[in-house]
Amino acid sequence: MARTVTAMHSIEKPAGSEPAIQVTGLVKTYGHVRAVDGVSFQVTPGTVFGLLGPNGAGKTTTVRVLTTLQSPDAGDIRVAGVDAVADAAQLRERIGLAGQYAAVDDMLTGEENLVMVGRLYGMSRKQAKARAGELLTRFELTEAAGRVVKKYSGGMRRRLDLAAALVARPPVLFLDEPTTGLDPRSRLDLWEMIEELTGEGTTVLLTTQYLDEADRLADDIAVIDHGKVIASGTPAELKQRVGGERLEVKLEDPAQAPQAIEALAPLSDERAVAEEDGVTVAVARRNGTIVTAVQRLGAAGVGVDDIGLRTPTMDDVFLSLTGKVAEHEQAQQTNDEEVAA
Amino acid sequence: MRRLATDTLITAERNLTRLPRQPDLFTAFTIQPIMFVLLFVYVFGGAIVTPGYDNYKDFLIPGIIVQNIAFGGFITAMGLAEDLNKGLIDRFRSLPMSRAALLAGRTLSDVVTNVTSMTILVITGLIIGFSFDAGVGDIVTGVLLLILFGYAFSWVFAFLGMLVSTPEAANSLGFMLVFPLTFISSAFVPVDSMPEALQVFAEVNPFTVIVDEMRELWVGSPGGSLWQSVAWSVAITAVFAPLAVWRYRKNAER
Ligand SMILES: Nc1ncnc2c1ncn2[C@@H]1O[C@H](COP(=O)(O)OP(=O)(O)O)[C@@H](O)[C@H]1O
Ligand SMILES: [Mg+2]
């Protein structure tokens, strides 16, 4: 059981054209809950893959299985060229994980945390110290290096957690909701750090509930809900899939949304969705849409406050795929609680 | 195997680094035992009759050290509960380290804290008038037996700590189960001063076996059995270490 440290000195890309991550038919159940229900995807080496989905979609469970924290009930998983079940120990040499909750020891200093992780990867104390120093500098934690983590802010903890995931320079990195609970400033910082990493050739799988995050960071996205991949592609492809244009109607009386949805039915293959103060729907063509819509709404006796066409955003992708409004604001709030807890 | 050893040492070092930074835990295994000795000696000492002993201190010190050492494992219980609770266990399990090292490191660092509080107790005892009536060999054998018995109870606590979900619950569960065991034994009062039913229990209680042997080793009073004491310690470890490992796997997988 000699410890291999080779992975730490060079970023090894899996040979040939083998994907950095390949998941086929992954299933994980908890009792009668099918947390992950037949998920398949693959990630090209050196790219960022976004697993996008609302709370409870199965993102964390997927990451936990891919990082050998849990064993799958079914499915084939290869990460960095090794099988996640048969060669779990080998796989752990080649990955870094920053979980949904920062997993750092509160009672140790930032530096002690990183040195411990380095040594558990098989580095000597001296090597681990040097590596910790590099990472502390890179993540702007040098000043806080000697303080116990208990006294860190949420953003600092996250950065330290990410640093811990990078100690062994893993070729494949897993980030489970890396910016959840962060203030906008720290969030931007972290995005930039992730972009820097991918610039160096690391393959990243990140999960997020934030559409803007996936849109900005990911080369490819799989949208998951209720344990199933409901759409996948590049951000651009997903936007296209939702349809070229979206018709947004603000209603004088939001209570009339059901009538508005009925009235707009012939304009689209899918049904319009009620939002806070109106309805929105993907439409096939641009020409004449607004006129038709206004006429139909007028005939149905629905008062229109404002109406317009707009190119789709990731929010629309999400809405049209899951029938749910993206959990932006709510998510932000729950996360503040997480930090307090 | 080499990996298990180094990783155990690394995690034990982590535990010991944390300890002085947690004042409540730190006093629990340093100041608290002193307080117990003083309370027992000066509050109960005058009322408890211990035939065959020069004074209550000679009777009490071996007993209270055994009780104290058995509770040493609560640091493991609380630490494991905290690691599981805060998700730190996921970090460790995603590393290419020996997974058993996390438990082994915990119980190993307990040995260090146990020896620390054992030393504190012996010094306190000597200051207030306890005296050894034994050769160096027997004293050392006693120390080794205490370490072995303490180690066995670290596994008991490791298991109990993982049955519950918070460090606080781990602590109180440990106390509820182990406290009566230590009191219904020969640790604090002679067994034949107890009601019949309790006597039956106290006679077979492993605490009585260990305490009696400690008294034989340290103050020369007959009635102990070294092989029975060692057998109990080994048996407790043999039962609870696998239970703790099993429970650890189950909890960590969630
Ligand atoms: N340990 C567990 N026991 C039972 N159910 C679980 C457990 N972990 C997750 N689940 C359930 O599995 C589903 C997916 O959870 P999760 O992977 O955490 O989703 P996400 O990370 O996308 O929010 C949810 O319905 C959740 O309640
Ligand atoms: Mg999650």
# chains A, B, ... in the order shown; residues from 1 in each chain; ligands from 1
$ residues_around --residues "His226 (chain A)" --least-positions-apart "3" --cutoff "10 Å" --atoms "only C-alpha atoms" --output "PyMOL selection string"
chain A and resi 33-37+53-59+229-230+322
$ interface_residues --of "chain A" --to "chain B" --cutoff "10 Å" --atoms "only C-alpha atoms" --output "PyMOL selection string"
chain A and resi 1-4+30+64-65+67-71+88-109+112-113+116-122+148+161+164-165+168+341
$ atom_distance --atom1 "CA of Leu175 (chain A)" --atom2 "CA of Leu206 (chain A)"
4.6 Å
$ residues_around --residues "region 121-130 of chain B" --least-positions-apart "4" --cutoff "9 Å" --atoms "only C-alpha atoms" --output "list of chain:residue names"
B:Thr30, B:Pro33, B:Ile34, B:Val37, B:Leu38, B:Val41, B:Asn55, B:Tyr56, B:Lys57, B:Asp58, B:Phe59, B:Leu60, B:Ile61, B:Pro62, B:Ile64, B:Ile65, B:Asn68, B:Thr116, B:Ser117
$ write_last_selection --atoms "all heavy atoms" --output "short mmCIF file (atom, residue, chain, number, x, y, z; two decimals), in the first residue's frame"
data_model
loop_
_atom_site.label_atom_id
_atom_site.label_comp_id
_atom_site.auth_asym_id
_atom_site.auth_seq_id
_atom_site.Cartn_x
_atom_site.Cartn_y
_atom_site.Cartn_z
N THR B 30 -8.63 17.87 33.61
CA THR B 30 -7.55 18.31 34.49
C THR B 30 -8.08 18.73 35.87
O THR B 30 -7.80 18.08 36.86
CB THR B 30 -6.77 19.48 33.86
OG1 THR B 30 -7.70 20.49 33.47
CG2 THR B 30 -5.97 19.03 32.66
N PRO B 33 -11.12 16.19 37.93
CA PRO B 33 -10.73 15.04 38.75
C PRO B 33 -10.21 15.46 40.13
O PRO B 33 -10.49 14.79 41.14
CB PRO B 33 -9.63 14.36 37.95
CG PRO B 33 -9.63 14.95 36.60
CD PRO B 33 -10.46 16.18 36.61
N ILE B 34 -9.48 16.57 40.16
CA ILE B 34 -8.96 17.04 41.45
C ILE B 34 -10.12 17.35 42.39
O ILE B 34 -10.15 16.96 43.56
CB ILE B 34 -8.10 18.32 41.26
CG1 ILE B 34 -6.92 18.01 40.35
CG2 ILE B 34 -7.63 18.85 42.62
CD1 ILE B 34 -6.01 19.21 40.11
N VAL B 37 -11.68 14.22 43.84
CA VAL B 37 -10.88 13.62 44.91
C VAL B 37 -11.09 14.37 46.22
O VAL B 37 -11.37 13.78 47.26
CB VAL B 37 -9.38 13.63 44.54
CG1 VAL B 37 -8.54 13.22 45.74
CG2 VAL B 37 -9.11 12.70 43.37
N LEU B 38 -11.00 15.70 46.12
CA LEU B 38 -11.12 16.50 47.34
C LEU B 38 -12.50 16.34 47.97
O LEU B 38 -12.63 16.17 49.18
CB LEU B 38 -10.83 17.98 47.03
CG LEU B 38 -9.41 18.26 46.51
CD1 LEU B 38 -9.21 19.76 46.26
CD2 LEU B 38 -8.35 17.74 47.50
N VAL B 41 -12.79 12.77 49.53
CA VAL B 41 -11.96 12.57 50.71
C VAL B 41 -12.49 13.37 51.89
O VAL B 41 -12.65 12.85 52.99
CB VAL B 41 -10.50 12.95 50.42
CG1 VAL B 41 -9.70 13.06 51.72
CG2 VAL B 41 -9.87 11.91 49.50
N ASN B 55 -6.41 4.45 55.78
CA ASN B 55 -7.34 5.57 55.74
C ASN B 55 -8.11 5.52 54.44
O ASN B 55 -7.80 4.74 53.53
CB ASN B 55 -6.60 6.90 55.88
CG ASN B 55 -5.51 7.04 54.82
OD1 ASN B 55 -5.78 6.86 53.63
ND2 ASN B 55 -4.30 7.32 55.26
N TYR B 56 -9.15 6.39 54.29
CA TYR B 56 -10.02 6.37 53.12
C TYR B 56 -9.26 6.75 51.85
O TYR B 56 -9.58 6.29 50.76
CB TYR B 56 -11.23 7.30 53.33
CG TYR B 56 -12.22 7.24 52.18
CD1 TYR B 56 -12.83 6.04 51.81
CD2 TYR B 56 -12.55 8.39 51.46
CE1 TYR B 56 -13.72 5.98 50.75
CE2 TYR B 56 -13.45 8.34 50.40
CZ TYR B 56 -14.03 7.13 50.05
OH TYR B 56 -14.91 7.08 49.01
N LYS B 57 -8.21 7.58 52.01
CA LYS B 57 -7.46 8.01 50.82
C LYS B 57 -6.84 6.82 50.11
O LYS B 57 -6.88 6.71 48.88
CB LYS B 57 -6.35 8.99 51.22
CG LYS B 57 -6.88 10.34 51.64
CD LYS B 57 -5.89 11.05 52.55
CE LYS B 57 -6.63 12.08 53.40
NZ LYS B 57 -5.87 12.44 54.60
N ASP B 58 -6.26 5.91 50.88
CA ASP B 58 -5.64 4.74 50.26
C ASP B 58 -6.67 3.89 49.53
O ASP B 58 -6.39 3.24 48.54
CB ASP B 58 -4.92 3.89 51.32
CG ASP B 58 -3.61 4.56 51.77
OD1 ASP B 58 -3.25 5.58 51.15
OD2 ASP B 58 -2.98 4.06 52.72
N PHE B 59 -7.87 3.87 50.08
CA PHE B 59 -8.96 3.12 49.46
C PHE B 59 -9.44 3.84 48.20
O PHE B 59 -9.65 3.24 47.16
CB PHE B 59 -10.12 3.00 50.47
CG PHE B 59 -11.31 2.23 49.94
CD1 PHE B 59 -11.36 0.84 50.04
CD2 PHE B 59 -12.39 2.90 49.37
CE1 PHE B 59 -12.45 0.13 49.56
CE2 PHE B 59 -13.49 2.20 48.90
CZ PHE B 59 -13.52 0.81 48.98
N LEU B 60 -9.61 5.15 48.33
CA LEU B 60 -10.26 5.92 47.27
C LEU B 60 -9.40 6.15 46.03
O LEU B 60 -9.88 6.00 44.91
CB LEU B 60 -10.69 7.30 47.82
CG LEU B 60 -11.27 8.22 46.74
CD1 LEU B 60 -12.68 7.79 46.38
CD2 LEU B 60 -11.26 9.67 47.19
N ILE B 61 -8.15 6.52 46.21
CA ILE B 61 -7.33 6.96 45.06
C ILE B 61 -7.33 5.94 43.90
O ILE B 61 -7.63 6.31 42.77
CB ILE B 61 -5.90 7.35 45.49
CG1 ILE B 61 -5.95 8.59 46.40
CG2 ILE B 61 -5.00 7.62 44.29
CD1 ILE B 61 -6.47 9.86 45.75
N PRO B 62 -7.05 4.65 44.18
CA PRO B 62 -7.10 3.70 43.05
C PRO B 62 -8.50 3.66 42.41
O PRO B 62 -8.62 3.61 41.19
CB PRO B 62 -6.76 2.36 43.70
CG PRO B 62 -6.02 2.70 44.94
CD PRO B 62 -6.63 3.99 45.42
N ILE B 64 -10.90 6.02 42.34
CA ILE B 64 -11.31 7.23 41.61
C ILE B 64 -10.49 7.38 40.33
O ILE B 64 -10.97 7.91 39.33
CB ILE B 64 -11.21 8.47 42.53
CG1 ILE B 64 -12.19 9.55 42.02
CG2 ILE B 64 -9.81 9.03 42.60
CD1 ILE B 64 -12.51 10.59 43.06
N ILE B 65 -9.26 6.86 40.34
CA ILE B 65 -8.46 6.92 39.11
C ILE B 65 -9.07 6.01 38.05
O ILE B 65 -9.15 6.37 36.88
CB ILE B 65 -6.99 6.54 39.40
CG1 ILE B 65 -6.31 7.69 40.15
CG2 ILE B 65 -6.24 6.27 38.09
CD1 ILE B 65 -4.84 7.48 40.43
N ASN B 68 -12.07 7.74 36.69
CA ASN B 68 -11.67 8.87 35.85
C ASN B 68 -11.16 8.40 34.49
O ASN B 68 -11.49 8.96 33.45
CB ASN B 68 -10.57 9.64 36.59
CG ASN B 68 -10.27 10.94 35.91
OD1 ASN B 68 -11.09 11.83 35.90
ND2 ASN B 68 -9.11 11.00 35.30
N THR B 116 -2.33 12.05 31.26
CA THR B 116 -2.24 13.36 31.89
C THR B 116 -3.11 13.43 33.14
O THR B 116 -2.64 13.81 34.22
CB THR B 116 -2.71 14.46 30.91
OG1 THR B 116 -1.99 14.31 29.70
CG2 THR B 116 -2.48 15.85 31.49
N SER B 117 -4.37 13.02 33.02
CA SER B 117 -5.21 13.17 34.21
C SER B 117 -4.85 12.15 35.28
O SER B 117 -4.99 12.42 36.47
CB SER B 117 -6.71 13.14 33.86
OG SER B 117 -7.01 12.09 33.01
#
$ select_by_dssp --residues "region 111-337 of chain A" --states "alpha helix (DSSP H)" --output "MDAnalysis selection string"
chainID A and resid 111:120 125:138 154:166 184:199 211:217 235:241 257:264 289:299 314:322 328:337
$ residues_around --residues "Gly155 (chain A)" --least-positions-apart "5" --cutoff "9 Å" --atoms "only C-alpha atoms" --output "MDAnalysis selection string"
chainID A and resid 160 179 181:183 186:187 190
$ atom_distance --atom1 "atom 5 (N, counted along the ligand's line) of ligand 1" --atom2 "CA of Lys28 (chain A)"
9.9 Å
$ atom_distance --atom1 "CA of Phe132 (chain B)" --atom2 "CA of Phe149 (chain B)"
20.4 Å
$ residues_around --residues "Gly72 (chain B)" --least-positions-apart "5" --cutoff "7 Å" --atoms "only C-alpha atoms" --output "MDAnalysis selection string"
chainID B and resid 110 114 150 154
$ closest_residue --among "B:Gly63, B:Gly79, B:Pro51, B:Gly105" --to "Met118 (chain B)" --atoms "only C-alpha atoms"
B:Gly63
$ decode --residues "region 98-123 of chain B" --atoms "N, CA, C and O atoms" --output "mmCIF file, in the first residue's frame"
data_model
loop_
_atom_site.group_PDB
_atom_site.id
_atom_site.type_symbol
_atom_site.label_atom_id
_atom_site.label_comp_id
_atom_site.auth_asym_id
_atom_site.auth_seq_id
_atom_site.Cartn_x
_atom_site.Cartn_y
_atom_site.Cartn_z
ATOM 1 N N SER B 98 -6.141 6.352 5.417
ATOM 2 C CA SER B 98 -6.768 5.170 5.988
ATOM 3 C C SER B 98 -8.029 5.605 6.735
ATOM 4 O O SER B 98 -7.981 6.480 7.592
ATOM 5 N N ARG B 99 -9.164 4.999 6.388
ATOM 6 C CA ARG B 99 -10.406 5.433 7.021
ATOM 7 C C ARG B 99 -10.470 5.024 8.490
ATOM 8 O O ARG B 99 -11.099 5.688 9.296
ATOM 9 N N ALA B 100 -9.786 3.937 8.836
ATOM 10 C CA ALA B 100 -9.778 3.500 10.231
ATOM 11 C C ALA B 100 -8.964 4.449 11.103
ATOM 12 O O ALA B 100 -9.160 4.521 12.312
ATOM 13 N N ALA B 101 -8.071 5.216 10.462
ATOM 14 C CA ALA B 101 -7.170 6.083 11.224
ATOM 15 C C ALA B 101 -7.918 7.137 12.025
ATOM 16 O O ALA B 101 -7.458 7.580 13.069
ATOM 17 N N LEU B 102 -9.090 7.511 11.545
ATOM 18 C CA LEU B 102 -9.830 8.560 12.228
ATOM 19 C C LEU B 102 -10.267 8.098 13.622
ATOM 20 O O LEU B 102 -10.150 8.838 14.593
ATOM 21 N N LEU B 103 -10.740 6.859 13.694
ATOM 22 C CA LEU B 103 -11.126 6.303 14.994
ATOM 23 C C LEU B 103 -9.888 5.975 15.822
ATOM 24 O O LEU B 103 -9.822 6.275 17.016
ATOM 25 N N ALA B 104 -8.925 5.368 15.184
ATOM 26 C CA ALA B 104 -7.708 4.984 15.907
ATOM 27 C C ALA B 104 -6.990 6.219 16.457
ATOM 28 O O ALA B 104 -6.475 6.199 17.576
ATOM 29 N N GLY B 105 -7.003 7.300 15.687
ATOM 30 C CA GLY B 105 -6.353 8.539 16.134
ATOM 31 C C GLY B 105 -7.060 9.129 17.339
ATOM 32 O O GLY B 105 -6.429 9.646 18.265
ATOM 33 N N ARG B 106 -8.383 9.033 17.320
ATOM 34 C CA ARG B 106 -9.161 9.517 18.461
ATOM 35 C C ARG B 106 -8.796 8.753 19.727
ATOM 36 O O ARG B 106 -8.484 9.335 20.760
ATOM 37 N N THR B 107 -8.880 7.436 19.652
ATOM 38 C CA THR B 107 -8.648 6.653 20.861
ATOM 39 C C THR B 107 -7.191 6.778 21.310
ATOM 40 O O THR B 107 -6.912 6.749 22.503
ATOM 41 N N LEU B 108 -6.293 6.967 20.332
ATOM 42 C CA LEU B 108 -4.888 7.138 20.711
ATOM 43 C C LEU B 108 -4.673 8.449 21.472
ATOM 44 O O LEU B 108 -3.955 8.490 22.470
ATOM 45 N N SER B 109 -5.325 9.521 21.026
ATOM 46 C CA SER B 109 -5.112 10.783 21.742
ATOM 47 C C SER B 109 -5.744 10.715 23.139
ATOM 48 O O SER B 109 -5.297 11.400 24.054
ATOM 49 N N ASP B 110 -6.764 9.871 23.292
ATOM 50 C CA ASP B 110 -7.304 9.656 24.640
ATOM 51 C C ASP B 110 -6.247 9.087 25.581
ATOM 52 O O ASP B 110 -6.248 9.374 26.778
ATOM 53 N N VAL B 111 -5.381 8.240 25.048
ATOM 54 C CA VAL B 111 -4.340 7.665 25.897
ATOM 55 C C VAL B 111 -3.493 8.794 26.489
ATOM 56 O O VAL B 111 -3.172 8.788 27.677
ATOM 57 N N VAL B 112 -3.183 9.773 25.650
ATOM 58 C CA VAL B 112 -2.366 10.894 26.126
ATOM 59 C C VAL B 112 -3.112 11.688 27.208
ATOM 60 O O VAL B 112 -2.558 11.987 28.269
ATOM 61 N N THR B 113 -4.385 11.995 26.952
ATOM 62 C CA THR B 113 -5.123 12.768 27.960
ATOM 63 C C THR B 113 -5.347 11.929 29.219
ATOM 64 O O THR B 113 -5.303 12.451 30.335
ATOM 65 N N ASN B 114 -5.553 10.621 29.040
ATOM 66 C CA ASN B 114 -5.728 9.755 30.209
ATOM 67 C C ASN B 114 -4.480 9.743 31.084
ATOM 68 O O ASN B 114 -4.579 9.802 32.309
ATOM 69 N N VAL B 115 -3.340 9.640 30.447
ATOM 70 C CA VAL B 115 -2.101 9.626 31.224
ATOM 71 C C VAL B 115 -1.933 10.964 31.945
ATOM 72 O O VAL B 115 -1.513 11.014 33.106
ATOM 73 N N THR B 116 -2.327 12.048 31.264
ATOM 74 C CA THR B 116 -2.245 13.364 31.891
ATOM 75 C C THR B 116 -3.109 13.430 33.143
ATOM 76 O O THR B 116 -2.643 13.813 34.223
ATOM 77 N N SER B 117 -4.373 13.024 33.022
ATOM 78 C CA SER B 117 -5.214 13.172 34.208
ATOM 79 C C SER B 117 -4.854 12.146 35.279
ATOM 80 O O SER B 117 -4.993 12.417 36.471
ATOM 81 N N MET B 118 -4.329 10.982 34.845
ATOM 82 C CA MET B 118 -3.854 10.010 35.833
ATOM 83 C C MET B 118 -2.724 10.620 36.668
ATOM 84 O O MET B 118 -2.708 10.508 37.904
ATOM 85 N N THR B 119 -1.809 11.281 35.990
ATOM 86 C CA THR B 119 -0.689 11.915 36.680
ATOM 87 C C THR B 119 -1.183 12.977 37.663
ATOM 88 O O THR B 119 -0.745 13.031 38.818
ATOM 89 N N ILE B 120 -2.124 13.793 37.178
ATOM 90 C CA ILE B 120 -2.668 14.845 38.041
ATOM 91 C C ILE B 120 -3.307 14.246 39.289
ATOM 92 O O ILE B 120 -3.108 14.711 40.416
ATOM 93 N N LEU B 121 -4.046 13.145 39.095
ATOM 94 C CA LEU B 121 -4.726 12.518 40.226
ATOM 95 C C LEU B 121 -3.738 11.922 41.226
ATOM 96 O O LEU B 121 -3.921 12.046 42.443
ATOM 97 N N VAL B 122 -2.723 11.257 40.708
ATOM 98 C CA VAL B 122 -1.749 10.648 41.620
ATOM 99 C C VAL B 122 -1.052 11.737 42.443
ATOM 100 O O VAL B 122 -0.897 11.604 43.661
ATOM 101 N N ILE B 123 -0.668 12.816 41.761
ATOM 102 C CA ILE B 123 0.012 13.906 42.488
ATOM 103 C C ILE B 123 -0.913 14.511 43.547
ATOM 104 O O ILE B 123 -0.521 14.702 44.703
#
